[in-house]
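Student: Next comes data-v7.cif, mmCIF, C-alpha atoms:
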data_work
#
loop_
_atom_site.group_PDB
_atom_site.id
_atom_site.type_symbol
_atom_site.label_atom_id
_atom_site.label_comp_id
_atom_site.auth_asym_id
_atom_site.auth_seq_id
_atom_site.Cartn_x
_atom_site.Cartn_y
_atom_site.Cartn_z
ATOM 1 C CA MET A 1 71.732 -50.187 137.801
ATOM 2 C CA GLY A 2 68.056 -49.289 137.978
ATOM 3 C CA THR A 3 67.084 -45.646 138.045
ATOM 4 C CA GLY A 4 64.749 -44.297 140.642
ATOM 5 C CA HIS A 5 61.251 -43.871 139.363
ATOM 6 C CA LYS A 6 57.722 -43.258 140.409
ATOM 7 C CA HIS A 7 55.360 -46.028 139.336
ATOM 8 C CA ALA A 8 52.351 -44.823 137.441
ATOM 9 C CA GLN A 9 49.973 -46.791 135.321
ATOM 10 C CA GLY A 10 49.793 -45.997 131.642
ATOM 11 C CA HIS A 11 51.838 -42.807 131.257
ATOM 12 C CA ALA A 12 55.398 -41.657 130.745
ATOM 13 C CA HIS A 13 57.194 -39.065 132.814
ATOM 14 C CA GLY A 14 60.453 -37.165 132.575
ATOM 15 C CA HIS A 15 62.712 -35.059 134.694
ATOM 16 C CA GLY A 16 65.908 -33.131 134.303
ATOM 17 C CA HIS A 17 68.967 -33.182 136.527
ATOM 18 C CA GLU A 18 72.609 -32.169 136.550
ATOM 19 C CA HIS A 19 75.322 -34.777 136.853
ATOM 20 C CA GLY A 20 78.559 -34.045 138.658
ATOM 21 C CA HIS A 21 80.639 -34.861 135.589
ATOM 22 C CA GLY A 22 79.983 -31.526 133.989
ATOM 23 C CA HIS A 23 77.023 -31.807 131.667
ATOM 24 C CA GLY A 24 73.297 -31.828 132.121
ATOM 25 C CA HIS A 25 70.866 -34.528 131.125
ATOM 26 C CA GLY A 26 67.205 -34.527 130.409
ATOM 27 C CA HIS A 27 66.010 -37.897 131.542
ATOM 28 C CA GLY A 28 62.735 -39.695 131.145
ATOM 29 C CA HIS A 29 61.256 -43.139 131.062
ATOM 30 C CA GLY A 30 57.882 -44.646 130.491
ATOM 31 C CA HIS A 31 56.054 -47.784 131.398
ATOM 32 C CA ALA A 32 52.505 -48.931 131.088
ATOM 33 C CA GLY A 33 51.702 -51.297 133.855
ATOM 34 C CA HIS A 34 54.882 -53.201 133.067
ATOM 35 C CA SER A 35 53.408 -54.378 129.793
ATOM 36 C CA HIS A 36 56.234 -55.249 127.455
ATOM 37 C CA GLY A 37 54.647 -55.496 124.073
ATOM 38 C CA PRO A 38 54.754 -58.319 121.542
ATOM 39 C CA THR A 39 58.191 -59.788 122.215
ATOM 40 C CA LEU A 40 58.637 -59.296 125.957
ATOM 41 C CA SER A 41 56.132 -60.699 128.424
ATOM 42 C CA ALA A 42 53.832 -58.544 130.485
ATOM 43 C CA HIS A 43 54.497 -58.211 134.167
ATOM 44 C CA ASP A 44 52.030 -60.436 135.965
ATOM 45 C CA ALA A 45 48.769 -58.936 137.166
ATOM 46 C CA PRO A 46 47.934 -59.668 140.827
ATOM 47 C CA GLU A 47 45.350 -62.308 139.888
ATOM 48 C CA THR A 48 47.832 -64.036 137.547
ATOM 49 C CA ARG A 49 50.425 -64.082 140.313
ATOM 50 C CA ARG A 50 47.932 -65.600 142.730
ATOM 51 C CA SER A 51 47.056 -68.240 140.143
ATOM 52 C CA LYS A 52 50.725 -69.210 139.742
ATOM 53 C CA GLU A 53 51.217 -69.177 143.492
ATOM 54 C CA ARG A 54 48.209 -71.464 143.931
ATOM 55 C CA ALA A 55 49.488 -73.823 141.234
ATOM 56 C CA ILE A 56 52.860 -74.093 142.982
ATOM 57 C CA LEU A 57 51.178 -74.895 146.311
ATOM 58 C CA ILE A 58 48.928 -77.574 144.770
ATOM 59 C CA ALA A 59 51.924 -79.188 143.053
ATOM 60 C CA ALA A 60 53.861 -79.133 146.355
ATOM 61 C CA ALA A 61 50.978 -80.825 148.173
ATOM 62 C CA LEU A 62 50.676 -83.536 145.515
ATOM 63 C CA THR A 63 54.422 -84.163 145.428
ATOM 64 C CA GLY A 64 54.916 -84.180 149.192
ATOM 65 C CA GLY A 65 51.857 -86.353 149.747
ATOM 66 C CA PHE A 66 53.092 -89.198 147.528
ATOM 67 C CA MET A 67 56.780 -88.950 148.410
ATOM 68 C CA GLY A 68 56.462 -91.131 151.518
ATOM 69 C CA ALA A 69 54.759 -93.914 149.565
ATOM 70 C CA GLU A 70 57.605 -93.969 147.041
ATOM 71 C CA VAL A 71 60.266 -94.132 149.757
ATOM 72 C CA ILE A 72 58.535 -97.111 151.396
ATOM 73 C CA GLY A 73 57.883 -98.794 148.056
ATOM 74 C CA GLY A 74 61.471 -98.272 146.930
ATOM 75 C CA LEU A 75 62.930 -99.716 150.124
ATOM 76 C CA ILE A 76 60.659 -102.749 150.131
ATOM 77 C CA SER A 77 61.000 -103.500 146.403
ATOM 78 C CA GLY A 78 64.723 -102.695 146.248
ATOM 79 C CA SER A 79 64.222 -100.468 143.190
ATOM 80 C CA LEU A 80 66.766 -97.726 142.536
ATOM 81 C CA ALA A 81 64.384 -96.131 140.031
ATOM 82 C CA LEU A 82 61.767 -95.723 142.765
ATOM 83 C CA LEU A 83 64.276 -94.487 145.327
ATOM 84 C CA ALA A 84 65.744 -92.074 142.805
ATOM 85 C CA ASP A 85 62.263 -90.796 142.017
ATOM 86 C CA ALA A 86 61.457 -90.527 145.732
ATOM 87 C CA GLY A 87 64.668 -88.591 146.359
ATOM 88 C CA HIS A 88 63.813 -86.362 143.456
ATOM 89 C CA MET A 89 60.323 -85.840 144.872
ATOM 90 C CA LEU A 90 61.799 -84.865 148.248
ATOM 91 C CA THR A 91 63.933 -82.135 146.720
ATOM 92 C CA ASP A 92 61.039 -81.194 144.444
ATOM 93 C CA PHE A 93 58.829 -80.749 147.476
ATOM 94 C CA ALA A 94 61.429 -78.450 149.059
ATOM 95 C CA SER A 95 61.954 -76.624 145.773
ATOM 96 C CA LEU A 96 58.245 -76.115 145.237
ATOM 97 C CA LEU A 97 57.913 -74.699 148.735
ATOM 98 C CA LEU A 98 60.831 -72.369 147.982
ATOM 99 C CA ALA A 99 59.134 -71.258 144.766
ATOM 100 C CA TRP A 100 55.889 -70.676 146.666
ATOM 101 C CA CYS A 101 57.735 -68.625 149.296
ATOM 102 C CA ALA A 102 59.280 -66.567 146.481
ATOM 103 C CA PHE A 103 55.815 -65.644 145.215
ATOM 104 C CA ARG A 104 54.663 -64.776 148.721
ATOM 105 C CA LEU A 105 57.729 -62.632 149.317
ATOM 106 C CA ALA A 106 57.308 -60.869 145.972
ATOM 107 C CA ARG A 107 53.977 -59.513 147.226
ATOM 108 C CA ARG A 108 55.823 -57.209 149.579
ATOM 109 C CA PRO A 109 56.014 -53.648 148.244
ATOM 110 C CA ALA A 110 59.223 -51.918 147.256
ATOM 111 C CA ASP A 111 60.905 -49.801 149.912
ATOM 112 C CA TRP A 112 63.802 -47.346 150.094
ATOM 113 C CA LYS A 113 66.328 -50.178 150.469
ATOM 114 C CA ARG A 114 64.870 -52.388 147.722
ATOM 115 C CA THR A 115 63.459 -50.006 145.126
ATOM 116 C CA TYR A 116 62.474 -52.870 142.813
ATOM 117 C CA GLY A 117 60.846 -54.865 145.587
ATOM 118 C CA PHE A 118 61.408 -58.585 146.093
ATOM 119 C CA ASP A 119 60.621 -59.925 142.605
ATOM 120 C CA ARG A 120 64.239 -60.939 142.012
ATOM 121 C CA PHE A 121 63.921 -63.522 144.820
ATOM 122 C CA SER A 122 61.903 -65.717 142.441
ATOM 123 C CA VAL A 123 64.859 -65.757 140.020
ATOM 124 C CA LEU A 124 67.170 -66.717 142.873
ATOM 125 C CA ALA A 125 64.757 -69.523 143.808
ATOM 126 C CA ALA A 126 64.824 -70.770 140.202
ATOM 127 C CA PHE A 127 68.646 -70.712 140.235
ATOM 128 C CA VAL A 128 68.774 -72.728 143.479
ATOM 129 C CA ASN A 129 66.210 -75.186 142.124
ATOM 130 C CA GLY A 130 68.316 -75.673 139.011
ATOM 131 C CA LEU A 131 71.397 -76.406 141.109
ATOM 132 C CA THR A 132 69.501 -78.993 143.165
ATOM 133 C CA LEU A 133 68.642 -80.798 139.933
ATOM 134 C CA PHE A 134 72.384 -81.209 139.292
ATOM 135 C CA VAL A 135 72.828 -82.721 142.761
ATOM 136 C CA ILE A 136 69.921 -85.124 142.224
ATOM 137 C CA ALA A 137 71.268 -86.264 138.856
ATOM 138 C CA ALA A 138 74.750 -86.797 140.299
ATOM 139 C CA TRP A 139 73.354 -88.980 143.101
ATOM 140 C CA ILE A 140 71.314 -91.071 140.663
ATOM 141 C CA LEU A 141 74.374 -91.622 138.427
ATOM 142 C CA PHE A 142 76.533 -92.623 141.407
ATOM 143 C CA GLU A 143 73.956 -95.053 142.743
ATOM 144 C CA ALA A 144 73.326 -96.510 139.283
ATOM 145 C CA VAL A 145 77.012 -97.346 138.810
ATOM 146 C CA ARG A 146 77.052 -99.022 142.234
ATOM 147 C CA ARG A 147 73.947 -101.067 141.366
ATOM 148 C CA LEU A 148 75.399 -102.162 138.016
ATOM 149 C CA ARG A 149 78.528 -103.418 139.777
ATOM 150 C CA ASP A 150 76.513 -105.144 142.502
ATOM 151 C CA PRO A 151 73.052 -106.083 141.156
ATOM 152 C CA GLN A 152 70.288 -106.421 143.741
ATOM 153 C CA GLU A 153 66.952 -108.195 143.741
ATOM 154 C CA VAL A 154 64.050 -105.996 142.678
ATOM 155 C CA LEU A 155 60.368 -106.790 143.330
ATOM 156 C CA GLY A 156 58.887 -105.858 139.977
ATOM 157 C CA GLY A 157 55.212 -106.153 140.936
ATOM 158 C CA LEU A 158 55.349 -103.771 143.920
ATOM 159 C CA MET A 159 57.611 -101.449 141.956
ATOM 160 C CA LEU A 160 55.040 -101.285 139.140
ATOM 161 C CA TRP A 161 52.107 -100.305 141.369
ATOM 162 C CA VAL A 162 54.056 -97.623 143.213
ATOM 163 C CA ALA A 163 55.436 -96.241 139.941
ATOM 164 C CA LEU A 164 51.918 -96.079 138.458
ATOM 165 C CA GLY A 165 50.741 -94.099 141.481
ATOM 166 C CA GLY A 166 53.706 -91.759 141.124
ATOM 167 C CA LEU A 167 52.942 -91.251 137.439
ATOM 168 C CA VAL A 168 49.367 -90.200 138.191
ATOM 169 C CA VAL A 169 50.487 -87.747 140.880
ATOM 170 C CA ASN A 170 53.226 -86.258 138.684
ATOM 171 C CA VAL A 171 50.933 -85.890 135.668
ATOM 172 C CA LEU A 172 48.438 -83.973 137.829
ATOM 173 C CA ALA A 173 51.169 -81.753 139.297
ATOM 174 C CA PHE A 174 52.708 -81.053 135.889
ATOM 175 C CA TRP A 175 49.298 -80.254 134.400
ATOM 176 C CA VAL A 176 48.599 -77.751 137.187
ATOM 177 C CA LEU A 177 51.989 -76.051 136.731
ATOM 178 C CA SER A 178 51.958 -76.041 132.921
ATOM 179 C CA ARG A 179 48.626 -74.194 132.921
ATOM 180 C CA ALA A 180 50.145 -71.430 135.060
ATOM 181 C CA GLU A 181 53.689 -71.361 133.636
ATOM 182 C CA GLY A 182 53.649 -68.615 130.988
ATOM 183 C CA ASP A 183 57.093 -66.958 130.945
ATOM 184 C CA ASN A 184 57.733 -67.142 134.690
ATOM 185 C CA LEU A 185 61.145 -68.691 135.266
ATOM 186 C CA ASN A 186 60.300 -69.700 138.839
ATOM 187 C CA VAL A 187 57.218 -71.675 137.768
ATOM 188 C CA ARG A 188 59.159 -73.101 134.832
ATOM 189 C CA ALA A 189 61.889 -74.381 137.164
ATOM 190 C CA ALA A 190 59.236 -75.990 139.357
ATOM 191 C CA ALA A 191 57.585 -77.561 136.301
ATOM 192 C CA LEU A 192 60.941 -78.978 135.187
ATOM 193 C CA HIS A 193 61.392 -80.558 138.622
ATOM 194 C CA VAL A 194 57.992 -82.216 138.298
ATOM 195 C CA MET A 195 58.781 -83.245 134.707
ATOM 196 C CA GLY A 196 61.890 -84.976 136.032
ATOM 197 C CA ASP A 197 59.677 -86.806 138.534
ATOM 198 C CA LEU A 198 57.253 -87.758 135.789
ATOM 199 C CA LEU A 199 60.054 -89.176 133.640
ATOM 200 C CA GLY A 200 61.346 -91.012 136.696
ATOM 201 C CA SER A 201 57.936 -92.645 137.141
ATOM 202 C CA VAL A 202 57.832 -93.628 133.460
ATOM 203 C CA ALA A 203 61.317 -95.145 133.755
ATOM 204 C CA ALA A 204 60.285 -97.021 136.897
ATOM 205 C CA ILE A 205 57.195 -98.426 135.134
ATOM 206 C CA ALA A 206 59.266 -99.532 132.131
ATOM 207 C CA ALA A 207 61.914 -101.073 134.388
ATOM 208 C CA SER A 208 59.322 -102.921 136.471
ATOM 209 C CA LEU A 209 57.634 -104.390 133.404
ATOM 210 C CA ILE A 210 60.970 -105.596 131.994
ATOM 211 C CA ILE A 211 61.882 -107.121 135.363
ATOM 212 C CA ILE A 212 58.490 -108.857 135.613
ATOM 213 C CA TRP A 213 58.738 -110.242 132.080
ATOM 214 C CA THR A 214 62.463 -111.093 131.919
ATOM 215 C CA GLY A 215 63.890 -110.888 135.441
ATOM 216 C CA TRP A 216 66.734 -108.681 134.126
ATOM 217 C CA THR A 217 67.335 -106.281 137.051
ATOM 218 C CA PRO A 218 70.140 -104.135 135.490
ATOM 219 C CA ILE A 219 67.411 -102.320 133.516
ATOM 220 C CA ASP A 220 66.504 -100.525 136.759
ATOM 221 C CA PRO A 221 69.773 -98.549 137.133
ATOM 222 C CA ILE A 222 70.163 -98.205 133.340
ATOM 223 C CA LEU A 223 66.846 -96.385 132.975
ATOM 224 C CA SER A 224 67.688 -94.334 136.060
ATOM 225 C CA VAL A 225 70.795 -93.060 134.236
ATOM 226 C CA LEU A 226 68.631 -92.073 131.260
ATOM 227 C CA VAL A 227 66.360 -90.054 133.559
ATOM 228 C CA ALA A 228 69.399 -88.416 135.173
ATOM 229 C CA CYS A 229 70.672 -87.267 131.779
ATOM 230 C CA ILE A 230 67.288 -85.723 130.949
ATOM 231 C CA ILE A 231 67.261 -83.987 134.341
ATOM 232 C CA LEU A 232 70.748 -82.568 133.681
ATOM 233 C CA ARG A 233 69.625 -81.069 130.382
ATOM 234 C CA SER A 234 66.668 -79.350 132.037
ATOM 235 C CA ALA A 235 68.806 -78.208 134.960
ATOM 236 C CA TRP A 236 71.326 -76.545 132.660
ATOM 237 C CA SER A 237 68.550 -74.622 130.911
ATOM 238 C CA VAL A 238 67.175 -73.229 134.182
ATOM 239 C CA VAL A 239 70.581 -72.403 135.676
ATOM 240 C CA ARG A 240 71.726 -70.712 132.466
ATOM 241 C CA GLU A 241 68.654 -68.488 132.157
ATOM 242 C CA SER A 242 68.339 -67.585 135.832
ATOM 243 C CA GLY A 243 72.097 -66.970 136.055
ATOM 244 C CA HIS A 244 71.867 -64.688 133.018
ATOM 245 C CA ILE A 245 69.248 -62.588 134.799
ATOM 246 C CA LEU A 246 71.210 -62.513 138.064
ATOM 247 C CA LEU A 247 74.257 -61.306 136.104
ATOM 248 C CA GLU A 248 72.175 -58.450 134.652
ATOM 249 C CA GLY A 249 72.362 -59.887 131.132
ATOM 250 C CA ALA A 250 70.373 -58.350 128.282
ATOM 251 C CA PRO A 251 66.830 -59.753 127.950
ATOM 252 C CA ALA A 252 66.110 -62.151 125.103
ATOM 253 C CA GLY A 253 65.443 -60.258 121.889
ATOM 254 C CA PHE A 254 67.246 -57.101 122.996
ATOM 255 C CA ASP A 255 70.608 -56.416 121.301
ATOM 256 C CA PRO A 256 72.065 -53.096 122.594
ATOM 257 C CA ARG A 257 74.271 -52.760 119.509
ATOM 258 C CA ALA A 258 71.358 -53.193 117.110
ATOM 259 C CA VAL A 259 69.171 -50.812 119.139
ATOM 260 C CA ALA A 260 71.823 -48.063 119.047
ATOM 261 C CA ALA A 261 72.428 -48.509 115.320
ATOM 262 C CA ASP A 262 68.711 -48.478 114.565
ATOM 263 C CA LEU A 263 68.112 -45.252 116.516
ATOM 264 C CA GLU A 264 70.999 -43.483 114.758
ATOM 265 C CA THR A 265 69.760 -44.451 111.289
ATOM 266 C CA SER A 266 65.986 -44.238 111.735
ATOM 267 C CA LEU A 267 65.572 -41.052 113.815
ATOM 268 C CA PRO A 268 66.908 -37.785 112.308
ATOM 269 C CA GLY A 269 67.047 -36.131 115.742
ATOM 270 C CA VAL A 270 69.518 -38.688 117.101
ATOM 271 C CA ALA A 271 73.141 -37.934 116.294
ATOM 272 C CA ARG A 272 74.463 -40.756 118.447
ATOM 273 C CA ALA A 273 73.020 -43.416 120.771
ATOM 274 C CA HIS A 274 75.352 -44.871 123.377
ATOM 275 C CA HIS A 275 75.598 -46.282 126.908
ATOM 276 C CA VAL A 276 72.790 -48.687 126.042
ATOM 277 C CA HIS A 277 72.172 -51.061 128.951
ATOM 278 C CA ALA A 278 69.400 -53.624 129.349
ATOM 279 C CA TRP A 279 68.625 -56.057 132.148
ATOM 280 C CA SER A 280 65.715 -57.824 133.843
ATOM 281 C CA ILE A 281 64.388 -57.730 137.370
ATOM 282 C CA THR A 282 62.609 -60.981 136.518
ATOM 283 C CA GLN A 283 61.971 -62.647 133.178
ATOM 284 C CA GLU A 284 58.730 -60.652 132.958
ATOM 285 C CA ARG A 285 60.268 -57.281 133.916
ATOM 286 C CA PRO A 286 62.918 -56.225 131.364
ATOM 287 C CA MET A 287 64.293 -52.662 131.513
ATOM 288 C CA ALA A 288 66.754 -50.541 129.576
ATOM 289 C CA THR A 289 68.624 -47.244 129.819
ATOM 290 C CA LEU A 290 70.406 -45.357 127.071
ATOM 291 C CA GLU A 291 71.915 -41.950 126.317
ATOM 292 C CA ILE A 292 71.531 -39.971 123.119
ATOM 293 C CA ASP A 293 73.309 -36.995 121.594
ATOM 294 C CA LEU A 294 70.959 -34.644 119.762
ATOM 295 C CA ALA A 295 71.372 -33.681 116.137
ATOM 296 C CA PRO A 296 71.624 -29.915 115.488
ATOM 297 C CA GLY A 297 68.244 -28.221 115.866
ATOM 298 C CA ALA A 298 66.528 -31.245 117.435
ATOM 299 C CA VAL A 299 64.101 -30.729 120.342
ATOM 300 C CA ALA A 300 65.010 -32.874 123.356
ATOM 301 C CA ASP A 301 61.506 -33.805 124.510
ATOM 302 C CA GLU A 302 60.370 -34.740 121.008
ATOM 303 C CA VAL A 303 63.440 -36.869 120.383
ATOM 304 C CA ARG A 304 63.109 -38.557 123.755
ATOM 305 C CA ARG A 305 59.526 -39.580 123.012
ATOM 306 C CA ALA A 306 60.513 -40.738 119.528
ATOM 307 C CA VAL A 307 63.339 -42.860 120.953
ATOM 308 C CA LYS A 308 61.048 -44.584 123.459
ATOM 309 C CA ASP A 309 58.443 -45.197 120.772
ATOM 310 C CA ARG A 310 61.064 -46.646 118.441
ATOM 311 C CA VAL A 311 62.544 -48.959 121.085
ATOM 312 C CA ARG A 312 59.048 -50.124 122.003
ATOM 313 C CA GLU A 313 58.270 -50.772 118.335
ATOM 314 C CA THR A 314 61.458 -52.728 117.575
ATOM 315 C CA THR A 315 61.930 -54.677 120.822
ATOM 316 C CA GLY A 316 58.583 -54.593 122.608
ATOM 317 C CA MET A 317 60.240 -53.125 125.709
ATOM 318 C CA GLU A 318 58.101 -50.550 127.510
ATOM 319 C CA HIS A 319 60.274 -49.567 130.458
ATOM 320 C CA VAL A 320 63.057 -47.512 128.864
ATOM 321 C CA THR A 321 64.976 -44.640 130.463
ATOM 322 C CA VAL A 322 66.357 -42.116 127.958
ATOM 323 C CA GLU A 323 68.978 -39.536 128.915
ATOM 324 C CA VAL A 324 69.579 -36.653 126.532
ATOM 325 C CA ALA A 325 73.067 -35.141 126.619
ATOM 326 C CA THR A 326 73.066 -31.344 126.486
#
For this file, write the structure as structure tokens.

Tutor:
Amino acid sequence: MGTGHKHAQGHAHGHGHEHGHGHGHGHGHGHAGHSHGPTLSAHDAPETRRSKERAILIAAALTGGFMGAEVIGGLISGSLALLADAGHMLTDFASLLLAWCAFRLARRPADWKRTYGFDRFSVLAAFVNGLTLFVIAAWILFEAVRRLRDPQEVLGGLMLWVALGGLVVNVLAFWVLSRAEGDNLNVRAAALHVMGDLLGSVAAIAASLIIIWTGWTPIDPILSVLVACIILRSAWSVVRESGHILLEGAPAGFDPRAVAADLETSLPGVARAHHVHAWSITQERPMATLEIDLAPGAVADEVRRAVKDRVRETTGMEHVTVEVAT
């Protein structure tokens, strides 16, 4: 769907060409360093990307480093909450590595086969991470039902100390990711994974304290179910947004119908605006194309510039391709 273009910082450019369907088009688009104005996020600068990449790697190291301790603690104590959190941390570790690889891959320049480069891989990584959250939640729910039917002994003291350690690790990892998140869907998906871990640690602490004070072990699987439900809510948000981008859906805040109507009523040189399409390479890189019919006496280049200025003003989108029917 994207049109071929030559990247240039801070200026617009246009070109004319003839289409095989019998009419000519003047065609131009502009972008300023992928900056998308007040309502659409700016495309990450290299240093910002490196900061997010570093945050992902630190979170992966923290998560992977403590995962083994939770597995051992969960097995020894018999706690489903700890095992669920450890299983979540295992998939989080893999997901964080996938997110890190997506950032590394996105560094590669565009080529003739992939004219937009590899940025979309980060959206795919977010989509996969969201799906893994569904799998994790399903396993926790299944195991919780089994534990409620067949209660098992849980060592509350050991469970408490391991859960406290997990909470500290997850708070550090979430803090690192939240500082770098911004509007990046890949980092957001990773942060949601860690948030699920953090909630799992909180649930494990609460369950261990109740077991220590009352000896009531069913609280362990019950709180695990609560965590699973929270994970499912976060997973749906990530899958919905990343799937919307993968399906070339219109970016948030961009309504093609409203844009066309606004151009026809606000710009005297526009007789009709149609074939308005908008999509995103990533959440930070929204783009749009549209075609306009000129009003009698209108000058194509002037109208084209006015259209791009108007779209930028009303939606914040900088990268807009405008075709003028002649």

Student: List the residues selected by the PyMOL selection byres ((chain A and resi 133-140) around 8) in the file shown, writing them as a ChimeraX atom specification.

Tutor: /A:84,87-88,129-132,141-144,193,224-225,228-229,231-232,235

Student: So that I can check the surroundings of Arg257 in chain A, please list as a list of chain:residue names every protein, DNA and RNA residue that reaches within 9 Å of it, counting all atoms listed in the file and ignoring chain neighbours fewer than 5 positions away.

Tutor: A:Asp262, A:His274, A:Val276

Student: Report as JSON lines: every residue of range 161-197 of chain A with an atom at most 10 Å from range 72-76 of chain A, its closest pair of atoms, and their distance in Å to one decimal, counting all atoms listed in the file, with rows sorted by chain and ascending residue number.

Tutor:
{"residue": "A:Trp161", "atom": "CA", "partner": "A:Gly73", "partner_atom": "CA", "distance": 9.0}
{"residue": "A:Val162", "atom": "CA", "partner": "A:Gly73", "partner_atom": "CA", "distance": 6.3}
{"residue": "A:Ala163", "atom": "CA", "partner": "A:Gly73", "partner_atom": "CA", "distance": 8.9}

Student: How far is it from CA of Arg310 in chain A to CA of Gly253 in chain A, in Å with one decimal?

Tutor: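 Straight-line distance from CA of Arg310 in chain A to CA of Gly253 in chain A works out to 14.7 Å.
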
Student: Just give me the gap between CA of Leu192 in chain A and CA of Gly68 in chain A in Å, one decimal is fine.

Tutor: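 Distance between the two atoms: 20.8 Å.
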
Student: Enumerate, as a count of residues only, the residues matched when the PyMOL selection byres ((chain A and resi 194-201) around 7) is run on the file above.

Tutor: 22

Student: Mind telling me what the PyMOL selection byres ((chain A and resi 306) around 12) catches here, as a PyMOL selection string?

Tutor: chain A and resi 28-30+263-264+266-270+292+298-305+307-313+320+322

Student: So how far away is CA of Ala271 in chain A from CA of Thr289 in chain A, in Å?

Tutor: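 Distance reported for this atom pair: 17.0 Å.
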
Student: Which neighbours of Leu105 in chain A fall inside 10 Å, counting only C-alpha atoms, when residues of the same chain fewer than 5 positions from it are skipped, and could you give them as a PyMOL selection string?

Tutor: chain A and resi 99-100+117-122
